[in-house]
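> So here's coords.pdb, just PDB, C-alpha atoms:
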```
ATOM      1  CA  MET U 121      -2.466 -11.138  37.575
ATOM      2  CA  ARG U 122      -1.776  -8.440  35.006
ATOM      3  CA  ARG U 123      -4.256  -8.367  32.089
ATOM      4  CA  TRP U 124      -5.071  -6.085  29.177
ATOM      5  CA  TYR U 125      -8.149  -3.843  29.327
ATOM      6  CA  VAL U 126      -9.712  -1.509  26.775
ATOM      7  CA  VAL U 127      -9.874   2.244  27.245
ATOM      8  CA  TYR U 128     -12.410   4.329  25.291
ATOM      9  CA  THR U 129     -10.922   7.773  24.655
ATOM     10  CA  ARG U 130     -12.217  11.165  23.715
ATOM     11  CA  PRO U 131     -12.290  11.806  19.932
ATOM     12  CA  GLY U 132      -8.786  12.128  18.489
ATOM     13  CA  MET U 133      -7.113  11.899  21.904
ATOM     14  CA  GLU U 134      -5.752   8.355  21.794
ATOM     15  CA  ARG U 135      -2.083   9.466  21.838
ATOM     16  CA  MET U 136      -2.684  12.032  24.574
ATOM     17  CA  ALA U 137      -4.502   9.509  26.768
ATOM     18  CA  GLN U 138      -1.708   7.012  26.139
ATOM     19  CA  GLY U 139       0.934   9.516  27.241
ATOM     20  CA  HIS U 140      -0.923  10.437  30.430
ATOM     21  CA  LEU U 141      -1.509   6.775  31.317
ATOM     22  CA  GLU U 142       2.177   5.988  30.807
ATOM     23  CA  GLN U 143       3.113   8.942  33.053
ATOM     24  CA  GLN U 144       1.037   7.246  35.771
ATOM     25  CA  GLY U 145       3.049   4.040  35.321
ATOM     26  CA  PHE U 146       0.577   2.016  33.243
ATOM     27  CA  THR U 147       1.682  -0.116  30.294
ATOM     28  CA  THR U 148      -0.303   0.833  27.185
ATOM     29  CA  TYR U 149      -0.603  -0.330  23.617
ATOM     30  CA  LEU U 150      -2.025   1.730  20.769
ATOM     31  CA  PRO U 151      -1.909  -0.246  17.505
ATOM     32  CA  ARG U 152      -1.572   2.071  14.506
ATOM     33  CA  ARG U 153      -1.785   1.810  10.737
ATOM     34  CA  ARG U 154      -0.804   3.975   7.786
ATOM     35  CA  LYS U 155      -3.620   5.748   5.954
ATOM     36  CA  GLU U 156      -3.568   7.768   2.764
ATOM     37  CA  ARG U 157      -5.279  11.131   3.078
ATOM     38  CA  ARG U 158      -6.304  13.068  -0.019
ATOM     39  CA  HIS U 159      -6.582  16.827   0.136
ATOM     40  CA  ALA U 160      -6.469  19.468  -2.569
ATOM     41  CA  ARG U 161      -4.871  17.240  -5.218
ATOM     42  CA  ARG U 162      -2.276  16.061  -2.733
ATOM     43  CA  ILE U 163      -1.954  12.657  -1.099
ATOM     44  CA  ASP U 164      -0.405  12.398   2.369
ATOM     45  CA  SER U 165       0.453   9.294   4.317
ATOM     46  CA  ILE U 166      -0.513   9.621   7.981
ATOM     47  CA  LEU U 167      -0.490   7.303  10.988
ATOM     48  CA  VAL U 168      -3.882   6.636  12.574
ATOM     49  CA  PRO U 169      -5.097   4.302  15.333
ATOM     50  CA  LEU U 170      -6.107   0.849  14.143
ATOM     51  CA  PHE U 171      -9.178   1.150  16.387
ATOM     52  CA  PRO U 172     -10.202   4.836  16.512
ATOM     53  CA  ARG U 173     -10.966   6.025  20.072
ATOM     54  CA  TYR U 174      -9.642   2.807  21.659
ATOM     55  CA  LEU U 175      -6.350   1.794  23.250
ATOM     56  CA  PHE U 176      -5.218  -1.029  25.506
ATOM     57  CA  VAL U 177      -3.912  -0.650  29.052
ATOM     58  CA  ALA U 178      -2.399  -3.414  31.205
ATOM     59  CA  PHE U 179      -2.782  -3.641  34.968
ATOM     60  CA  ASP U 180      -3.437  -6.041  37.821
ATOM     61  CA  ILE U 181      -6.985  -5.398  38.968
ATOM     62  CA  GLU U 182      -6.139  -6.749  42.452
ATOM     63  CA  LYS U 183      -2.968  -4.702  43.083
ATOM     64  CA  ASP U 184      -2.918  -1.586  40.878
ATOM     65  CA  ALA U 185      -4.801   1.690  41.367
ATOM     66  CA  TRP U 186      -6.693   1.129  38.121
ATOM     67  CA  ARG U 187      -9.643   3.411  38.979
ATOM     68  CA  SER U 188      -7.406   6.400  38.190
ATOM     69  CA  VAL U 189      -7.591   5.384  34.514
ATOM     70  CA  ASN U 190     -11.134   6.795  34.251
ATOM     71  CA  GLY U 191      -9.948  10.178  35.539
ATOM     72  CA  THR U 192      -7.029  10.424  33.130
ATOM     73  CA  TYR U 193      -7.013  13.326  30.662
ATOM     74  CA  GLY U 194      -8.169  12.087  27.239
ATOM     75  CA  VAL U 195      -9.909   8.992  28.623
ATOM     76  CA  SER U 196     -13.693   8.671  28.523
ATOM     77  CA  TYR U 197     -13.905   5.370  30.410
ATOM     78  CA  LEU U 198     -12.633   1.829  30.806
ATOM     79  CA  VAL U 199     -14.774  -0.576  28.799
ATOM     80  CA  GLY U 200     -16.918  -2.865  30.922
ATOM     81  CA  ALA U 201     -20.385  -3.359  32.340
ATOM     82  CA  GLY U 202     -21.388  -1.009  35.139
ATOM     83  CA  ASP U 203     -18.716  -0.945  37.855
ATOM     84  CA  THR U 204     -16.993  -4.034  36.450
ATOM     85  CA  VAL U 205     -14.241  -3.650  33.851
ATOM     86  CA  SER U 206     -13.821  -6.392  31.266
ATOM     87  CA  ALA U 207     -10.424  -7.871  30.496
ATOM     88  CA  VAL U 208      -9.466  -8.574  26.910
ATOM     89  CA  PRO U 209      -9.389 -12.346  26.241
ATOM     90  CA  GLU U 210      -5.911 -13.859  26.594
ATOM     91  CA  GLY U 211      -3.753 -13.673  23.475
ATOM     92  CA  ILE U 212      -5.733 -11.036  21.559
ATOM     93  CA  VAL U 213      -3.385  -8.096  22.190
ATOM     94  CA  GLU U 214      -0.346 -10.316  21.704
ATOM     95  CA  SER U 215      -1.655 -11.527  18.322
ATOM     96  CA  ILE U 216      -2.141  -7.907  17.210
ATOM     97  CA  GLN U 217       1.406  -7.077  18.338
ATOM     98  CA  GLN U 218       2.783 -10.015  16.337
ATOM     99  CA  ARG U 219       1.256  -8.550  13.156
ATOM    100  CA  GLU U 220       3.287  -5.330  13.479
ATOM    101  CA  THR U 221       5.806  -4.448  10.812
ATOM    102  CA  GLU U 222       9.352  -3.271  11.598
ATOM    103  CA  GLU U 223       7.932   0.275  11.740
ATOM    104  CA  GLY U 224       5.545  -0.801  14.502
ATOM    105  CA  LEU U 225       2.487  -0.537  12.246
ATOM    106  CA  ILE U 226      -0.302  -2.954  11.412
ATOM    107  CA  GLU U 227      -0.728  -3.506   7.684
ATOM    108  CA  ILE U 228      -4.301  -3.627   6.485
ATOM    109  CA  VAL U 229      -4.868  -5.490   3.242
ATOM    110  CA  GLU U 230      -8.049  -4.176   1.735
ATOM    111  CA  ALA U 231     -10.122  -6.475  -0.424
ATOM    112  CA  PRO U 232     -10.659  -5.313  -4.000
ATOM    113  CA  PRO U 233     -13.864  -3.268  -4.182
ATOM    114  CA  PHE U 234     -15.078  -5.157  -7.250
ATOM    115  CA  ALA U 235     -15.101  -8.765  -8.432
ATOM    116  CA  PRO U 236     -12.837  -9.785 -11.340
ATOM    117  CA  GLY U 237     -14.852  -9.703 -14.559
ATOM    118  CA  GLU U 238     -17.379  -7.200 -13.218
ATOM    119  CA  VAL U 239     -18.463  -4.515 -15.694
ATOM    120  CA  LEU U 240     -17.655  -1.009 -14.453
ATOM    121  CA  GLU U 241     -18.482   2.457 -15.743
ATOM    122  CA  ILE U 242     -15.951   5.285 -15.603
ATOM    123  CA  THR U 243     -17.688   8.310 -14.098
ATOM    124  CA  ARG U 244     -15.064  11.075 -14.480
ATOM    125  CA  GLY U 245     -12.114  12.059 -16.592
ATOM    126  CA  ALA U 246     -11.281  11.715 -20.264
ATOM    127  CA  LEU U 247     -12.839   8.228 -20.417
ATOM    128  CA  ALA U 248     -16.084   9.169 -18.630
ATOM    129  CA  ALA U 249     -19.175   7.142 -19.642
ATOM    130  CA  ARG U 250     -17.064   4.276 -21.046
ATOM    131  CA  THR U 251     -17.470   0.784 -19.646
ATOM    132  CA  GLY U 252     -14.787  -1.775 -19.010
ATOM    133  CA  ILE U 253     -14.153  -5.074 -17.305
ATOM    134  CA  PHE U 254     -12.527  -5.005 -13.861
ATOM    135  CA  LYS U 255      -9.209  -6.838 -13.886
ATOM    136  CA  CYS U 256      -7.534  -5.989 -10.550
ATOM    137  CA  ALA U 257      -7.033  -3.383  -7.841
ATOM    138  CA  ASN U 258      -3.644  -1.730  -7.351
ATOM    139  CA  ASP U 259      -2.049  -0.786  -4.045
ATOM    140  CA  ASN U 260      -2.334   2.953  -4.617
ATOM    141  CA  GLN U 261      -6.133   3.260  -4.816
ATOM    142  CA  ARG U 262      -6.300   2.572  -8.531
ATOM    143  CA  VAL U 263      -8.012  -0.163 -10.533
ATOM    144  CA  THR U 264      -7.111  -1.779 -13.826
ATOM    145  CA  LEU U 265      -9.896  -2.092 -16.397
ATOM    146  CA  LEU U 266      -9.976  -3.772 -19.793
ATOM    147  CA  LEU U 267     -11.494  -1.305 -22.262
ATOM    148  CA  SER U 268     -12.350  -1.744 -25.896
ATOM    149  CA  LEU U 269     -10.587   1.217 -27.534
ATOM    150  CA  LEU U 270      -9.723   1.724 -31.181
ATOM    151  CA  GLY U 271     -10.878  -1.773 -32.043
ATOM    152  CA  ARG U 272      -8.764  -3.611 -29.486
ATOM    153  CA  GLU U 273      -8.676  -4.477 -25.785
ATOM    154  CA  MET U 274      -6.494  -2.148 -23.718
ATOM    155  CA  GLU U 275      -5.634  -2.077 -20.029
ATOM    156  CA  VAL U 276      -6.352   1.258 -18.381
ATOM    157  CA  ASN U 277      -5.503   2.296 -14.802
ATOM    158  CA  VAL U 278      -7.949   4.755 -13.223
ATOM    159  CA  PRO U 279      -8.587   5.953  -9.644
ATOM    160  CA  VAL U 280     -11.000   3.679  -7.788
ATOM    161  CA  ASN U 281     -13.224   6.652  -6.906
ATOM    162  CA  THR U 282     -13.881   7.322 -10.607
ATOM    163  CA  VAL U 283     -15.604   4.002 -11.351
ATOM    164  CA  ARG U 284     -18.858   2.359 -10.323
ATOM    165  CA  SER U 285     -20.702  -0.864 -11.066
ATOM    166  CA  TYR U 286     -22.481  -0.687 -14.377
ATOM    167  CA  GLY U 287     -26.150  -1.356 -14.554
TER     168      GLY U 287
END
```
Just give me the structure as structure tokens.

Amino acid sequence: MRRWYVVYTRPGMERMAQGHLEQQGFTTYLPRRRKERRHARRIDSILVPLFPRYLFVAFDIEKDAWRSVNGTYGVSYLVGAGDTVSAVPEGIVESIQQRETEEGLIEIVEAPPFAPGEVLEITRGALAARTGIFKCANDNQRVTLLLSLLGREMEVNVPVNTVRSYG
């Protein structure tokens, strides 16, 4: 019976290991997600593995030459205990696949880093050292704060990495 197994790869070689396994006739699955990367005042959107250094491979342990997986370029080893490889519980890989978008990516919804109503201090920028009340987190790594400016409450959007809990 064909089951899914987990392959632990060498650092950054998930795609290479996947390609070599597929050339050998194995069915593989490498769930990926989109990640924003900041560098030199520029933000890039890149695709990265959902589980860094891991990918899934399907085979029948009774019929297939699965031991060749460990010798595949980019692969460190099949996950298991000793000489025994461990199959992924039924339905896990399929449930991950069902969460894919039309682009074939898994969307990760990150929880807001702060609780609504929490007092935050701005650490950098023109409003540094001011405190405000956390209102919400935005999709693009920014947070909305309520600040008391010029005698009234104002909403201000600042990068999440420029605020910290006050106190």
> Given the file shown, determine the residues that the PyMOL selection byres ((chain U and resi 232-242) around 6) selects; report them as JSON, numbers by chain.
{"U": [231, 243, 244, 248, 249, 250, 251, 252, 253, 254, 255, 257, 282, 283, 284, 285, 286]}
> Would you mind telling me which residue in U:Val177, U:Ala137, U:Ile212, U:Leu267 lies nearest to Val199 (chain U) when using only C-alpha atoms?
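Using only C-alpha atoms, the shortest distance to Val199 (chain U) belongs to U:Val177.
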> Name the residues in contact with Leu225 (chain U) at a cut-off of 6 Å, using only C-alpha atoms, excluding same-chain residues fewer than 5 positions from it; report them as a list in words.
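Near Leu225 (chain U), the qualifying residues are Arg152, Arg153 and Glu220 of chain U.
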> Given all atoms listed in the file as the basis, pick out the residue of U:Val280, U:Ile166, U:Val229, U:Leu141 nearest to Gln261 (chain U).
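Once distances to Gln261 (chain U) are computed over all atoms listed in the file, the minimum belongs to U:Val280.
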> So that I can check the surroundings of Asp180 (chain U), please list as a PyMOL selection string every protein, DNA and RNA residue that reaches within 9 Å of it, counting all atoms listed in the file and ignoring chain neighbours fewer than 6 positions away.
chain U and resi 121-124+186
> Can you measure CA of Val213 (chain U) to CA of Glu156 (chain U) for me? One decimal in Å is fine.
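Going from CA of Val213 (chain U) over to CA of Glu156 (chain U) covers 25.1 Å.
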> If we count only C-alpha atoms, what is near Asn277 (chain U) at a cut-off of 10 Å, once residues fewer than 4 positions away on the same chain are taken out, given as a list in words?
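Close residues of Asn277 (chain U): Lys255, Cys256, Ala257, Asn258, Arg262, Val263, Thr264, Leu265 and Leu266 of chain U.
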> For those residues, write C-alpha atoms to a file as a short mmCIF file (atom, residue, chain, number, x, y, z; two decimals), in the frame of the given file.

```
data_model
loop_
_atom_site.label_atom_id
_atom_site.label_comp_id
_atom_site.auth_asym_id
_atom_site.auth_seq_id
_atom_site.Cartn_x
_atom_site.Cartn_y
_atom_site.Cartn_z
CA LYS U 255 -9.21 -6.84 -13.89
CA CYS U 256 -7.53 -5.99 -10.55
CA ALA U 257 -7.03 -3.38 -7.84
CA ASN U 258 -3.64 -1.73 -7.35
CA ARG U 262 -6.30 2.57 -8.53
CA VAL U 263 -8.01 -0.16 -10.53
CA THR U 264 -7.11 -1.78 -13.83
CA LEU U 265 -9.90 -2.09 -16.40
CA LEU U 266 -9.98 -3.77 -19.79
#
```
> Could you state the separation of CA of Gln144 (chain U) and CA of Gly132 (chain U) in Å, given to one decimal place?
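Taking CA of Gln144 (chain U) as the start and CA of Gly132 (chain U) as the end point, the length is 20.5 Å.
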> If you measure from CA of Met133 (chain U) to CA of Phe146 (chain U), what distance in Å do you get, rounded to one decimal?
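Taking CA of Met133 (chain U) as the start and CA of Phe146 (chain U) as the end point, the length is 16.9 Å.
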> Take the PyMOL selection byres ((chain U and resi 151) around 9), run it mentally on this structure, and tell me the resulting residues as a PyMOL selection string.
chain U and resi 149-150+152-153+168-171+175-176+216-217+220+224-226
> Find, counting all atoms listed in the file, the residue in U:Arg154, U:Arg161, U:His140, U:Arg173 that gets nearest to Tyr128 (chain U).
U:Arg173
> For Pro209 (chain U), which of U:Val126, U:Ala246, U:Ala185, U:Leu269 is the closest residue, counting all atoms listed in the file?
U:Val126
> Would you mind telling me which residue in U:Val208, U:Val195, U:Val276, U:Ala201 lies nearest to Arg130 (chain U) when using only C-alpha atoms?
U:Val195
> Produce the centre coordinates and the three edge lengths, each in Å to one decimal, of the box along x, y and z that contains all listed atoms of region 231-239 of chain U with 5 Å added on each side, as lines of an AutoDock Vina configuration file.

```
center_x = -14.3
center_y = -6.5
center_z = -8.1
size_x = 18.3
size_y = 16.5
size_z = 25.3
```
